[in-house]
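Source file: protein06.cif (mmCIF, C-alpha atoms and all ligand atoms)
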data_model
loop_
_atom_site.label_atom_id
_atom_site.label_comp_id
_atom_site.auth_asym_id
_atom_site.auth_seq_id
_atom_site.Cartn_x
_atom_site.Cartn_y
_atom_site.Cartn_z
CA MET A 1148 -24.64 52.11 -9.88
CA GLY A 1149 -26.27 55.44 -10.77
CA SER A 1150 -24.23 56.27 -13.86
CA LEU A 1151 -24.31 52.77 -15.32
CA ASN A 1152 -28.02 52.48 -14.72
CA ILE A 1153 -28.58 55.86 -16.39
CA LEU A 1154 -26.59 54.80 -19.48
CA TRP A 1155 -28.52 51.55 -19.67
CA GLN A 1156 -31.82 53.42 -19.33
CA VAL A 1157 -30.78 55.90 -22.05
CA ARG A 1158 -30.22 53.01 -24.47
CA LYS A 1159 -33.61 51.53 -23.59
CA LEU A 1160 -35.36 54.86 -24.09
CA GLU A 1161 -33.72 55.44 -27.45
CA LYS A 1162 -34.96 52.05 -28.56
CA ALA A 1163 -38.40 52.78 -27.09
CA GLN A 1164 -38.77 55.76 -29.41
CA ARG A 1165 -38.82 53.35 -32.33
CA ARG A 1166 -41.64 51.26 -30.86
CA SER A 1167 -45.06 51.22 -32.51
CA ILE A 1168 -47.97 53.01 -30.84
CA HIS A 1169 -49.39 49.60 -30.09
CA GLU A 1170 -46.26 48.48 -28.27
CA ILE A 1171 -46.10 51.73 -26.30
CA GLU A 1172 -49.69 51.16 -25.16
CA ARG A 1173 -48.85 47.67 -24.02
CA VAL A 1174 -45.77 48.81 -22.07
CA ARG A 1175 -47.72 51.66 -20.51
CA ALA A 1176 -50.55 49.37 -19.38
CA GLU A 1177 -48.05 46.95 -17.88
CA ARG A 1178 -46.27 49.75 -16.01
CA PHE A 1179 -49.57 51.15 -14.80
CA GLY A 1180 -50.57 47.77 -13.36
CA ARG A 1181 -47.21 47.50 -11.65
CA ILE A 1182 -47.28 50.90 -9.97
CA LEU A 1183 -50.91 50.47 -8.90
CA LYS A 1184 -50.00 47.22 -7.20
CA HIS A 1185 -46.95 48.83 -5.63
CA ALA A 1186 -49.05 51.72 -4.24
CA LEU A 1187 -51.68 49.36 -2.83
CA THR A 1188 -48.96 47.32 -1.17
CA ASN A 1189 -46.69 50.08 0.15
CA SER A 1190 -48.78 53.22 0.69
CA ARG A 1191 -51.26 53.26 3.52
CA PHE A 1192 -52.99 56.24 1.91
CA TYR A 1193 -53.70 54.45 -1.37
CA ARG A 1194 -54.72 51.25 0.39
CA GLU A 1195 -57.35 53.06 2.45
CA TYR A 1196 -58.49 55.56 -0.19
CA TYR A 1197 -58.90 52.92 -2.88
CA GLY A 1198 -60.34 50.54 -0.31
CA ASP A 1199 -63.11 53.08 0.34
CA HIS A 1200 -63.86 52.88 -3.39
CA GLY A 1201 -63.90 49.09 -3.43
CA ILE A 1202 -60.49 48.76 -5.07
CA ASN A 1203 -57.96 46.35 -3.62
CA LEU A 1204 -55.03 44.15 -4.63
CA ASP A 1205 -57.36 41.38 -5.78
CA ASN A 1206 -59.47 43.38 -8.19
CA ALA A 1207 -57.24 46.36 -9.11
CA HIS A 1208 -56.13 44.80 -12.41
CA GLU A 1209 -59.77 44.59 -13.58
CA ILE A 1210 -60.68 48.22 -12.87
CA PRO A 1211 -60.55 50.52 -15.90
CA ILE A 1212 -58.23 53.45 -15.27
CA GLU A 1213 -61.08 56.00 -15.59
CA ARG A 1214 -62.80 54.42 -12.59
CA ILE A 1215 -59.83 54.88 -10.32
CA PRO A 1216 -60.49 57.92 -8.12
CA THR A 1217 -58.31 60.99 -8.64
CA ILE A 1218 -56.11 62.83 -6.18
CA ASP A 1219 -54.63 66.32 -6.14
CA LYS A 1220 -51.80 68.18 -4.45
CA ASN A 1221 -53.78 69.31 -1.41
CA PHE A 1222 -55.10 65.83 -0.75
CA MET A 1223 -51.65 64.35 -1.19
CA MET A 1224 -49.98 66.88 1.11
CA GLU A 1225 -52.62 66.45 3.84
CA ASN A 1226 -51.90 62.72 3.87
CA PHE A 1227 -48.22 62.95 3.07
CA ASP A 1228 -46.75 60.61 5.70
CA ASP A 1229 -49.16 57.83 4.74
CA PHE A 1230 -48.91 58.63 1.06
CA VAL A 1231 -45.21 57.94 0.50
CA CYS A 1232 -43.91 54.39 0.29
CA ASP A 1233 -41.03 54.78 2.72
CA PRO A 1234 -41.90 55.32 6.40
CA LYS A 1235 -38.64 57.27 6.85
CA LEU A 1236 -40.13 60.13 4.82
CA LYS A 1237 -42.06 62.56 7.04
CA ARG A 1238 -43.56 65.82 5.89
CA ALA A 1239 -42.46 67.83 8.92
CA GLU A 1240 -38.85 66.64 8.62
CA LEU A 1241 -38.78 67.20 4.87
CA GLU A 1242 -40.18 70.72 5.21
CA LYS A 1243 -37.45 71.47 7.70
CA PHE A 1244 -34.88 69.97 5.35
CA VAL A 1245 -35.86 72.07 2.30
CA SER A 1246 -36.14 75.31 4.23
CA ASP A 1247 -32.50 75.09 5.36
CA PRO A 1248 -30.26 76.81 2.76
CA ALA A 1249 -27.43 74.41 3.64
CA HIS A 1250 -29.44 71.62 2.02
CA ARG A 1251 -29.83 73.21 -1.38
CA CYS A 1252 -29.19 70.57 -4.00
CA ARG A 1253 -28.33 67.97 -1.38
CA SER A 1254 -29.98 64.60 -1.22
CA TYR A 1255 -32.07 63.63 1.79
CA LEU A 1256 -30.75 60.74 3.91
CA GLY A 1257 -28.08 60.43 1.22
CA ARG A 1258 -30.64 58.81 -1.06
CA TYR A 1259 -33.69 60.88 -1.96
CA HIS A 1260 -34.03 63.83 -4.30
CA VAL A 1261 -36.44 66.28 -2.72
CA VAL A 1262 -38.16 68.81 -4.96
CA HIS A 1263 -40.47 71.46 -3.62
CA THR A 1264 -42.75 73.97 -5.21
CA SER A 1265 -45.73 76.09 -4.48
CA GLY A 1266 -46.85 75.57 -8.09
CA SER A 1267 -49.81 77.25 -9.69
CA SER A 1268 -52.25 76.33 -6.94
CA GLY A 1269 -50.18 78.19 -4.36
CA THR A 1270 -50.12 75.18 -2.06
CA ILE A 1271 -46.63 74.05 -1.18
CA GLY A 1272 -45.87 70.58 -2.46
CA LEU A 1273 -43.08 68.12 -1.77
CA PHE A 1274 -42.02 65.56 -4.35
CA ILE A 1275 -39.55 62.83 -3.50
CA TYR A 1276 -37.66 60.73 -6.02
CA GLY A 1277 -35.76 57.63 -4.95
CA PRO A 1278 -32.49 56.67 -6.68
CA GLY A 1279 -34.08 54.28 -9.20
CA ASP A 1280 -36.85 56.79 -10.00
CA TRP A 1281 -34.30 59.52 -10.51
CA ASP A 1282 -32.17 57.42 -12.89
CA ILE A 1283 -35.15 56.92 -15.21
CA LEU A 1284 -35.97 60.63 -15.10
CA MET A 1285 -32.37 61.57 -15.84
CA ALA A 1286 -32.19 59.06 -18.70
CA MET A 1287 -35.38 60.54 -20.19
CA VAL A 1288 -33.81 63.99 -20.14
CA LEU A 1289 -30.54 62.82 -21.72
CA ALA A 1290 -32.24 60.71 -24.39
CA ARG A 1291 -35.17 62.92 -25.31
CA VAL A 1292 -34.61 66.50 -24.14
CA THR A 1293 -30.93 67.40 -24.32
CA ARG A 1294 -30.12 64.44 -26.66
CA THR A 1295 -26.70 64.32 -25.15
CA ARG A 1296 -24.07 62.40 -27.06
CA ILE A 1297 -22.17 60.49 -24.44
CA ASN A 1298 -18.48 61.29 -24.57
CA PHE A 1299 -16.38 60.29 -21.58
CA ARG A 1300 -13.36 62.23 -22.80
CA ARG A 1301 -14.88 65.69 -23.00
CA LYS A 1302 -17.21 67.11 -20.37
CA ILE A 1303 -19.94 69.43 -21.51
CA ARG A 1304 -19.95 72.86 -19.86
CA MET A 1305 -23.58 73.51 -18.99
CA ALA A 1306 -24.92 76.77 -17.54
CA TYR A 1307 -28.32 76.83 -15.89
CA ILE A 1308 -30.29 80.05 -15.48
CA GLY A 1309 -33.30 80.03 -13.18
CA ALA A 1310 -34.10 80.09 -9.48
CA THR A 1311 -31.18 78.32 -7.83
CA ASP A 1312 -31.80 79.13 -4.18
CA GLY A 1313 -33.87 76.08 -3.30
CA ASN A 1314 -34.56 72.46 -4.21
CA TYR A 1315 -36.74 73.38 -7.16
CA ALA A 1316 -37.45 71.10 -10.10
CA GLY A 1317 -35.29 72.93 -12.67
CA ILE A 1318 -32.15 73.40 -10.63
CA SER A 1319 -32.44 69.91 -9.15
CA LEU A 1320 -32.51 68.37 -12.60
CA ALA A 1321 -29.64 70.48 -13.95
CA GLY A 1322 -27.60 70.40 -10.74
CA TYR A 1323 -27.73 66.62 -10.59
CA ALA A 1324 -26.84 66.12 -14.25
CA PRO A 1325 -24.33 63.26 -14.25
CA ARG A 1326 -20.86 64.50 -13.33
CA PHE A 1327 -19.21 62.11 -15.79
CA LEU A 1328 -20.88 64.11 -18.57
CA TYR A 1329 -21.13 67.70 -17.35
CA ARG A 1330 -19.41 70.63 -15.71
CA PHE A 1331 -22.05 72.85 -14.26
CA LEU A 1332 -22.56 76.58 -13.62
CA PRO A 1333 -25.75 77.61 -11.80
CA LEU A 1334 -26.87 81.20 -12.39
CA HIS A 1335 -29.54 82.64 -10.16
CA ILE A 1336 -32.21 84.54 -12.11
CA ASN A 1337 -32.51 86.81 -9.11
CA SER A 1338 -28.91 88.04 -9.31
CA PRO A 1339 -28.14 91.46 -10.79
CA ILE A 1340 -27.91 91.03 -14.54
CA GLU A 1341 -24.29 92.32 -14.78
CA GLU A 1342 -23.20 89.59 -12.42
CA ILE A 1343 -24.94 86.87 -14.48
CA VAL A 1344 -23.29 88.16 -17.65
CA ALA A 1345 -19.80 88.25 -16.13
CA ARG A 1346 -20.01 84.70 -14.81
CA ILE A 1347 -21.37 83.09 -17.96
CA GLN A 1348 -18.88 85.01 -20.09
CA GLU A 1349 -16.06 83.49 -18.11
CA PHE A 1350 -17.54 79.99 -18.15
CA GLN A 1351 -18.18 79.92 -21.95
CA PRO A 1352 -20.88 77.21 -21.85
CA HIS A 1353 -21.38 74.58 -24.55
CA SER A 1354 -25.02 74.42 -23.54
CA ILE A 1355 -27.53 76.55 -21.66
CA SER A 1356 -30.58 75.28 -19.87
CA GLY A 1357 -33.17 76.95 -17.68
CA TYR A 1358 -36.08 79.36 -17.86
CA SER A 1359 -37.04 80.55 -21.34
CA SER A 1360 -37.10 84.09 -19.97
CA GLY A 1361 -33.58 83.56 -18.60
CA ALA A 1362 -32.24 82.47 -22.01
CA TYR A 1363 -34.06 85.48 -23.47
CA ILE A 1364 -32.27 87.87 -21.12
CA LEU A 1365 -28.92 86.33 -22.15
CA ALA A 1366 -29.86 86.62 -25.85
CA LYS A 1367 -30.65 90.30 -25.43
CA GLU A 1368 -27.32 90.89 -23.67
CA GLN A 1369 -25.52 89.10 -26.51
CA LEU A 1370 -27.32 91.19 -29.14
CA ALA A 1371 -26.47 94.37 -27.23
CA GLY A 1372 -22.78 93.38 -27.40
CA ARG A 1373 -22.34 93.01 -23.63
CA LEU A 1374 -21.98 89.21 -23.81
CA ARG A 1375 -19.95 87.00 -26.15
CA ILE A 1376 -20.65 83.27 -25.82
CA SER A 1377 -21.36 80.59 -28.39
CA PRO A 1378 -23.52 77.81 -26.93
CA LYS A 1379 -24.38 74.96 -29.29
CA LYS A 1380 -27.51 73.90 -27.46
CA ILE A 1381 -30.23 75.79 -25.57
CA VAL A 1382 -32.89 73.91 -23.66
CA CYS A 1383 -35.78 75.84 -22.14
CA SER A 1384 -38.58 75.06 -19.73
CA ALA A 1385 -40.53 76.63 -16.87
CA ASP A 1386 -41.98 79.69 -18.58
CA HIS A 1387 -43.30 79.80 -22.12
CA LEU A 1388 -40.87 79.82 -25.06
CA THR A 1389 -42.81 82.38 -27.11
CA PRO A 1390 -42.13 82.95 -30.84
CA LYS A 1391 -40.51 86.27 -29.91
CA ILE A 1392 -38.14 84.65 -27.40
CA ARG A 1393 -37.34 81.85 -29.87
CA GLU A 1394 -36.53 84.33 -32.61
CA THR A 1395 -34.35 86.48 -30.32
CA ILE A 1396 -32.36 83.42 -29.20
CA ARG A 1397 -31.88 82.35 -32.84
CA ARG A 1398 -30.62 85.79 -33.79
CA ALA A 1399 -28.30 86.06 -30.81
CA PHE A 1400 -26.71 82.60 -30.86
CA GLY A 1401 -27.66 81.01 -34.17
CA VAL A 1402 -29.18 78.14 -32.19
CA ASP A 1403 -32.69 76.78 -32.39
CA PRO A 1404 -33.83 76.46 -28.75
CA VAL A 1405 -35.62 73.29 -27.64
CA ALA A 1406 -38.45 73.49 -25.15
CA PHE A 1407 -39.65 70.75 -22.87
CA TYR A 1408 -42.55 70.23 -20.51
CA ALA A 1409 -41.68 69.72 -16.87
CA ALA A 1410 -43.27 69.99 -13.43
CA SER A 1411 -42.28 68.92 -9.96
CA GLU A 1412 -44.65 65.97 -10.37
CA SER A 1413 -42.41 64.73 -13.17
CA ILE A 1414 -39.50 66.87 -14.28
CA ALA A 1415 -39.62 65.63 -17.90
CA MET A 1416 -42.97 64.87 -19.51
CA ALA A 1417 -42.70 65.98 -23.15
CA ALA A 1418 -40.19 67.60 -25.48
CA GLU A 1419 -39.99 69.20 -28.88
CA CYS A 1420 -38.43 67.23 -31.70
CA ALA A 1421 -36.49 68.72 -34.59
CA ALA A 1422 -39.70 69.05 -36.63
CA HIS A 1423 -40.98 71.67 -34.12
CA GLN A 1424 -44.56 70.56 -34.58
CA GLY A 1425 -45.30 70.28 -30.90
CA PHE A 1426 -44.09 68.41 -27.84
CA HIS A 1427 -43.93 64.62 -27.95
CA LEU A 1428 -45.44 63.18 -24.80
CA PHE A 1429 -43.26 60.69 -22.94
CA ASP A 1430 -46.25 58.39 -22.92
CA ASP A 1431 -44.33 55.22 -22.11
CA TRP A 1432 -43.46 56.47 -18.61
CA HIS A 1433 -46.63 58.52 -17.95
CA VAL A 1434 -50.35 58.29 -18.48
CA PHE A 1435 -51.76 61.61 -19.65
CA GLN A 1436 -55.53 61.96 -19.54
CA LEU A 1437 -56.95 65.25 -20.82
CA VAL A 1438 -60.34 66.07 -19.37
CA ASP A 1439 -62.98 68.80 -19.19
CA LYS A 1440 -64.31 70.31 -15.97
CA ASP A 1441 -66.52 67.26 -15.34
CA ARG A 1442 -63.51 64.99 -15.82
CA ASN A 1443 -64.81 63.66 -19.13
CA PRO A 1444 -62.14 62.97 -21.74
CA VAL A 1445 -61.68 65.68 -24.37
CA PRO A 1446 -60.83 64.79 -28.00
CA ALA A 1447 -57.64 65.87 -29.78
CA GLY A 1448 -57.72 69.53 -30.78
CA GLN A 1449 -59.63 70.56 -27.64
CA PRO A 1450 -57.98 71.98 -24.51
CA GLY A 1451 -58.08 69.64 -21.55
CA ARG A 1452 -56.76 69.67 -18.02
CA VAL A 1453 -54.18 66.96 -17.31
CA ILE A 1454 -54.73 64.04 -15.03
CA LEU A 1455 -51.25 62.61 -14.69
CA THR A 1456 -49.97 59.23 -13.69
CA ASN A 1457 -46.23 59.07 -13.20
CA LEU A 1458 -45.15 55.50 -13.96
CA TYR A 1459 -41.57 55.66 -12.65
CA ASN A 1460 -41.81 57.23 -9.20
CA TYR A 1461 -42.10 54.31 -6.81
CA THR A 1462 -41.28 56.44 -3.76
CA GLN A 1463 -44.24 58.80 -4.02
CA PRO A 1464 -46.53 57.27 -6.64
CA LEU A 1465 -48.73 59.85 -8.34
CA ILE A 1466 -51.69 57.97 -9.75
CA ARG A 1467 -54.52 59.87 -11.46
CA TYR A 1468 -53.20 63.15 -10.04
CA GLU A 1469 -55.05 66.28 -11.10
CA MET A 1470 -52.79 68.99 -12.43
CA ASN A 1471 -53.76 72.57 -13.24
CA ASP A 1472 -52.01 72.40 -16.62
CA VAL A 1473 -54.18 72.65 -19.71
CA LEU A 1474 -52.89 70.90 -22.85
CA VAL A 1475 -54.14 70.43 -26.41
CA LEU A 1476 -53.36 67.17 -28.19
CA ASN A 1477 -52.51 67.44 -31.89
CA GLU A 1478 -54.81 65.54 -34.20
CA GLU A 1479 -52.16 64.74 -36.81
CA PRO A 1480 -49.08 62.63 -36.07
CA CYS A 1481 -45.73 64.43 -36.19
CA ALA A 1482 -43.72 64.37 -39.41
CA CYS A 1483 -40.79 62.73 -37.62
CA SER A 1484 -40.46 59.01 -36.90
CA TRP A 1485 -41.22 59.20 -33.17
CA PRO A 1486 -44.74 57.76 -32.82
CA SER A 1487 -45.72 59.34 -29.47
CA PRO A 1488 -48.50 61.91 -29.86
CA THR A 1489 -47.67 65.59 -29.62
CA ILE A 1490 -49.25 68.42 -27.70
CA GLN A 1491 -49.61 71.84 -29.29
CA SER A 1492 -48.57 74.09 -26.53
CA ILE A 1493 -48.25 74.15 -22.82
CA GLY A 1494 -50.77 76.47 -21.29
CA GLY A 1495 -48.71 77.05 -18.20
CA ARG A 1496 -48.96 79.87 -15.76
CA SER A 1497 -48.77 83.44 -16.89
CA GLU A 1498 -47.80 85.59 -13.95
CA ASP A 1499 -46.50 89.12 -14.21
CA PHE A 1500 -42.95 90.22 -13.57
CA LEU A 1501 -42.54 92.68 -10.70
CA TRP A 1502 -40.69 95.74 -12.02
CA PHE A 1503 -39.13 98.34 -9.76
CA ASP A 1504 -37.58 101.78 -10.30
CA LYS A 1505 -34.01 102.10 -9.09
CA PRO A 1506 -32.61 105.43 -7.80
CA ASP A 1507 -30.21 105.66 -10.78
CA GLY A 1508 -33.15 105.73 -13.18
CA THR A 1509 -32.79 102.09 -14.35
CA LYS A 1510 -35.25 99.29 -13.66
CA ASP A 1511 -34.82 95.79 -12.34
CA PHE A 1512 -37.28 92.95 -11.86
CA ILE A 1513 -38.19 90.02 -9.70
CA HIS A 1514 -39.02 87.01 -11.82
CA PRO A 1515 -42.48 85.57 -11.07
CA LEU A 1516 -41.00 82.10 -10.59
CA VAL A 1517 -38.88 83.43 -7.74
CA MET A 1518 -42.17 84.22 -6.00
CA VAL A 1519 -43.75 80.93 -7.15
CA GLU A 1520 -40.95 79.16 -5.36
CA PHE A 1521 -40.87 81.43 -2.32
CA MET A 1522 -40.99 79.03 0.55
CA VAL A 1523 -40.50 79.25 4.28
CA LEU A 1524 -41.51 76.83 6.97
CA GLY A 1525 -45.07 77.55 8.14
CA LEU A 1526 -46.10 79.53 5.06
CA ARG A 1527 -49.03 77.79 3.39
CA LYS A 1528 -49.96 80.24 0.64
CA ILE A 1529 -48.86 83.66 -0.52
CA GLN A 1530 -49.96 86.48 -2.81
CA VAL A 1531 -47.79 89.46 -3.72
CA VAL A 1532 -49.62 92.74 -4.19
CA GLN A 1533 -47.60 95.63 -5.61
CA THR A 1534 -49.48 98.60 -4.17
CA GLN A 1535 -47.00 101.22 -5.40
CA ARG A 1536 -44.08 100.96 -7.81
CA ASN A 1537 -41.59 100.12 -5.04
CA ARG A 1538 -43.93 98.79 -2.40
CA LEU A 1539 -45.28 95.27 -1.83
CA ILE A 1540 -47.80 93.62 0.45
CA LEU A 1541 -47.23 89.91 1.05
CA ARG A 1542 -50.62 88.41 1.80
CA SER A 1543 -49.85 85.23 3.67
CA VAL A 1544 -51.71 82.21 4.96
CA LEU A 1545 -49.77 80.81 7.89
CA HIS A 1546 -49.54 77.61 9.83
CA GLY A 1547 -47.91 77.56 13.25
CA ASP A 1548 -46.54 80.38 15.39
CA ARG A 1549 -47.32 83.61 13.54
CA ASP A 1550 -44.45 85.69 14.91
CA VAL A 1551 -41.92 83.02 14.06
CA VAL A 1552 -43.34 82.43 10.57
CA CYS A 1553 -43.60 86.18 9.86
CA GLU A 1554 -39.98 86.61 10.84
CA ARG A 1555 -39.01 83.80 8.45
CA ILE A 1556 -41.01 85.43 5.62
CA ARG A 1557 -39.38 88.79 6.35
CA ARG A 1558 -35.91 87.25 6.30
CA ARG A 1559 -36.58 85.30 3.09
CA MET A 1560 -38.03 88.35 1.31
CA HIS A 1561 -35.09 90.42 2.42
CA GLU A 1562 -32.80 87.77 0.92
CA VAL A 1563 -34.73 87.91 -2.38
CA LEU A 1564 -34.43 91.71 -2.54
CA LYS A 1565 -30.82 91.71 -1.44
CA SER A 1566 -29.71 89.26 -4.11
CA LYS A 1567 -31.06 91.78 -6.66
CA ASP A 1568 -29.54 94.68 -4.74
CA LEU A 1569 -33.05 96.07 -4.17
CA GLN A 1570 -33.08 95.88 -0.37
CA ASN A 1571 -32.98 99.66 0.03
CA VAL A 1572 -35.29 100.31 -2.90
CA VAL A 1573 -38.33 98.12 -2.26
CA GLU A 1574 -40.40 98.14 0.92
CA PHE A 1575 -42.76 95.39 1.93
CA ASP A 1576 -45.29 94.47 4.60
CA ILE A 1577 -46.80 91.15 5.57
CA GLU A 1578 -50.56 90.88 5.83
CA ILE A 1579 -51.80 87.73 7.54
CA VAL A 1580 -55.00 86.37 6.02
CA ASP A 1581 -57.10 83.23 6.53
CA ARG A 1582 -57.44 82.50 2.84
CA ILE A 1583 -56.60 83.95 -0.55
CA GLU A 1584 -59.52 84.22 -2.92
CA ASN A 1585 -59.16 83.42 -6.61
CA ASP A 1586 -59.20 86.18 -9.19
CA PRO A 1587 -62.92 86.87 -9.79
CA LYS A 1588 -62.30 87.43 -13.52
CA THR A 1589 -60.50 84.18 -14.31
CA GLY A 1590 -61.54 82.08 -11.34
CA LYS A 1591 -57.86 81.23 -10.84
CA TYR A 1592 -55.43 81.92 -8.06
CA LYS A 1593 -53.17 84.83 -8.94
CA LEU A 1594 -49.78 84.89 -7.26
CA ILE A 1595 -48.76 88.38 -8.35
CA ILE A 1596 -50.92 91.46 -8.61
CA PRO A 1597 -48.67 94.04 -10.26
CA PHE A 1598 -48.86 97.80 -9.80
CA LYS A 1599 -51.11 99.55 -12.30
CA PRO A 1600 -50.23 103.27 -12.32
ZN ZN B 1701 -41.67 64.85 -34.02
#

Write the structure described by the file as structure tokens, please.
Ligand SMILES: [Zn+2]
Amino acid sequence: MGSLNILWQVRKLEKAQRRSIHEIERVRAERFGRILKHALTNSRFYREYYGDHGINLDNAHEIPIERIPTIDKNFMMENFDDFVCDPKLKRAELEKFVSDPAHRCRSYLGRYHVVHTSGSSGTIGLFIYGPGDWDILMAMVLARVTRTRINFRRKIRMAYIGATDGNYAGISLAGYAPRFLYRFLPLHINSPIEEIVARIQEFQPHSISGYSSGAYILAKEQLAGRLRISPKKIVCSADHLTPKIRETIRRAFGVDPVAFYAASESIAMAAECAAHQGFHLFDDWHVFQLVDKDRNPVPAGQPGRVILTNLYNYTQPLIRYEMNDVLVLNEEPCACSWPSPTIQSIGGRSEDFLWFDKPDGTKDFIHPLVMVEFMVLGLRKIQVVQTQRNRLILRSVLHGDRDVVCERIRRRMHEVLKSKDLQNVVEFDIEIVDRIENDPKTGKYKLIIPFKP
């Protein structure tokens, strides 16, 4: 049923792009009403939380969206078992599931896609998509991000470069791309670069997806003459596709890369069109509200933090969910025919790479997203402090038995270093702390504090 449903959804989405703004608004309002009702009926958390604010099944349809109380990741995770709409989903079991390497890119109970992240707040989050939810997400990606032309006779060879050693958003999306359309090669960003080059050279992908910085590394290898591939499509997300990266990719492959906006909360929220005037919001399947620090709406042209409502996830409904992402809405409509408003840029995280000196005089790095997605059972928050060039302190907030959790952190970190062949080069210690303060300069949590000689 999956593949047929996806194809059907792709058709619907392509049609939806030709709707008027007015029609999109109507569809969005209808979908919002439906998911609100679903949450009030099937989630004990929403029933009680909204109930405390005087909102119930009888009056929910009359309440303006701005009056519906917000939630955030911490609040959601604290109430996880009551939050989700299927009583079979339990936080403790799911945390165990995602921390077992044997479960990477495997569905839970043969049915659910489980995505985990520590995200920019540093708190570990779990996001569950049921089969129907996932089909809509996948259709959105095929119709609006990769714009895949469906051809049953020729499979597309797709390489993905990013963190592949967990159930993260990016690899989950790419790894579950429909098998009737794709052959798939996952490349771990934390592998030695020569190994990545050798594998992708042999695979000769038609398309590349993954981290912008990953595509950039491949472009530089191609320009240096160490790699010879000719992808026709390059789709980037996760870290920022800067003008420099874009230009390098164009020079290396003669392909204009396409960026899209994704998070674990919804793995496809906006994408660039051919006009490259910004990212069109997928505003038929999401409600995006951009607000200031007092949660008042900000006008187009002004940066605003996103309050997101995901309109297709009926397993773990995210309604008025506060993200840390800051977006700016464009005032002018895009030159193309797609009526959905565009955002200028995605003010995502900007964490530093960790660079190390190798004994042979070369350098290698650990990508910040590898540390963003560093997860072991019982680790609640982490900060990596590079005290010397080849020395790290892992400041860790723990939950549970400290010896057991420390051992898990040590093992996981060793794995990270080993996959880069840095296990004998970089030393690290774990420092257990009660909390990790935000950076006093920016007021934001900083995951990586790099070495400043
Ligand atoms: Zn456009």

*Please provide the set of residues having any atom within 7 Å of Gly1357 (chain A), restricted to all atoms listed in the file, with same-chain residues fewer than 4 positions apart removed, written as a list in words.*
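Contacts, with the query itself left out: Tyr1307, Ile1308, Gly1309, Gly1317, Gly1361, Val1382, Cys1383 and Ser1384 of chain A.
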
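Using all atoms listed in the file, residues with at least one atom at most 10 Å away from any atom of ligand ZN 1701 (chain B) are Ala1418, Glu1419, Cys1420, Ala1421, Ala1422, His1423, Gln1424, Gly1425, Phe1426, His1427, Pro1480, Cys1481, Ala1482, Cys1483, Ser1484, Trp1485, Pro1486, Ser1487, Pro1488 and Thr1489 of chain A.
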
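Distances from A:Met1287, A:Ile1271, A:Cys1252, A:Leu1334 to Ala1163 (chain A) were compared using all atoms listed in the file, and the smallest one belongs to A:Met1287.
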
*Quick one: residues within 10 Å of (-57.0, 66.9, -29.6) (file frame), counting all atoms listed in the file, please, as a ChimeraX atom specification.*
/A:1437,1445-1451,1474-1479,1488-1491

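CA of Arg1542 (chain A) is positioned 6.0 Å from CA of Ile1577 (chain A).
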
*Between CA of Ser1543 (chain A) and CA of Glu1584 (chain A) - distance in Å to one decimal*: 11.7 Å

Please write region 1355-1374 of chain A of the preceding block to a file containing C-alpha atoms, as a compact mmCIF listing (two decimals), in the first residue's frame?
# COMPACT_ATOMS: atom_id res chain seq x y z
CA ILE A 1355 23.52 13.13 -4.37
CA SER A 1356 21.68 14.17 -1.26
CA GLY A 1357 22.81 15.02 2.25
CA TYR A 1358 24.62 17.71 4.19
CA SER A 1359 25.63 20.80 2.21
CA SER A 1360 29.08 20.49 3.76
CA GLY A 1361 29.23 16.87 2.59
CA ALA A 1362 28.43 17.82 -1.02
CA TYR A 1363 31.05 20.56 -0.66
CA ILE A 1364 33.72 18.06 0.37
CA LEU A 1365 32.86 15.93 -2.69
CA ALA A 1366 32.98 19.00 -4.96
CA LYS A 1367 36.44 19.87 -3.69
CA GLU A 1368 37.65 16.30 -4.28
CA GLN A 1369 36.25 16.44 -7.83
CA LEU A 1370 37.97 19.78 -8.51
CA ALA A 1371 41.24 18.39 -7.15
CA GLY A 1372 40.98 15.52 -9.67
CA ARG A 1373 40.67 12.78 -7.05
CA LEU A 1374 37.01 12.06 -7.88
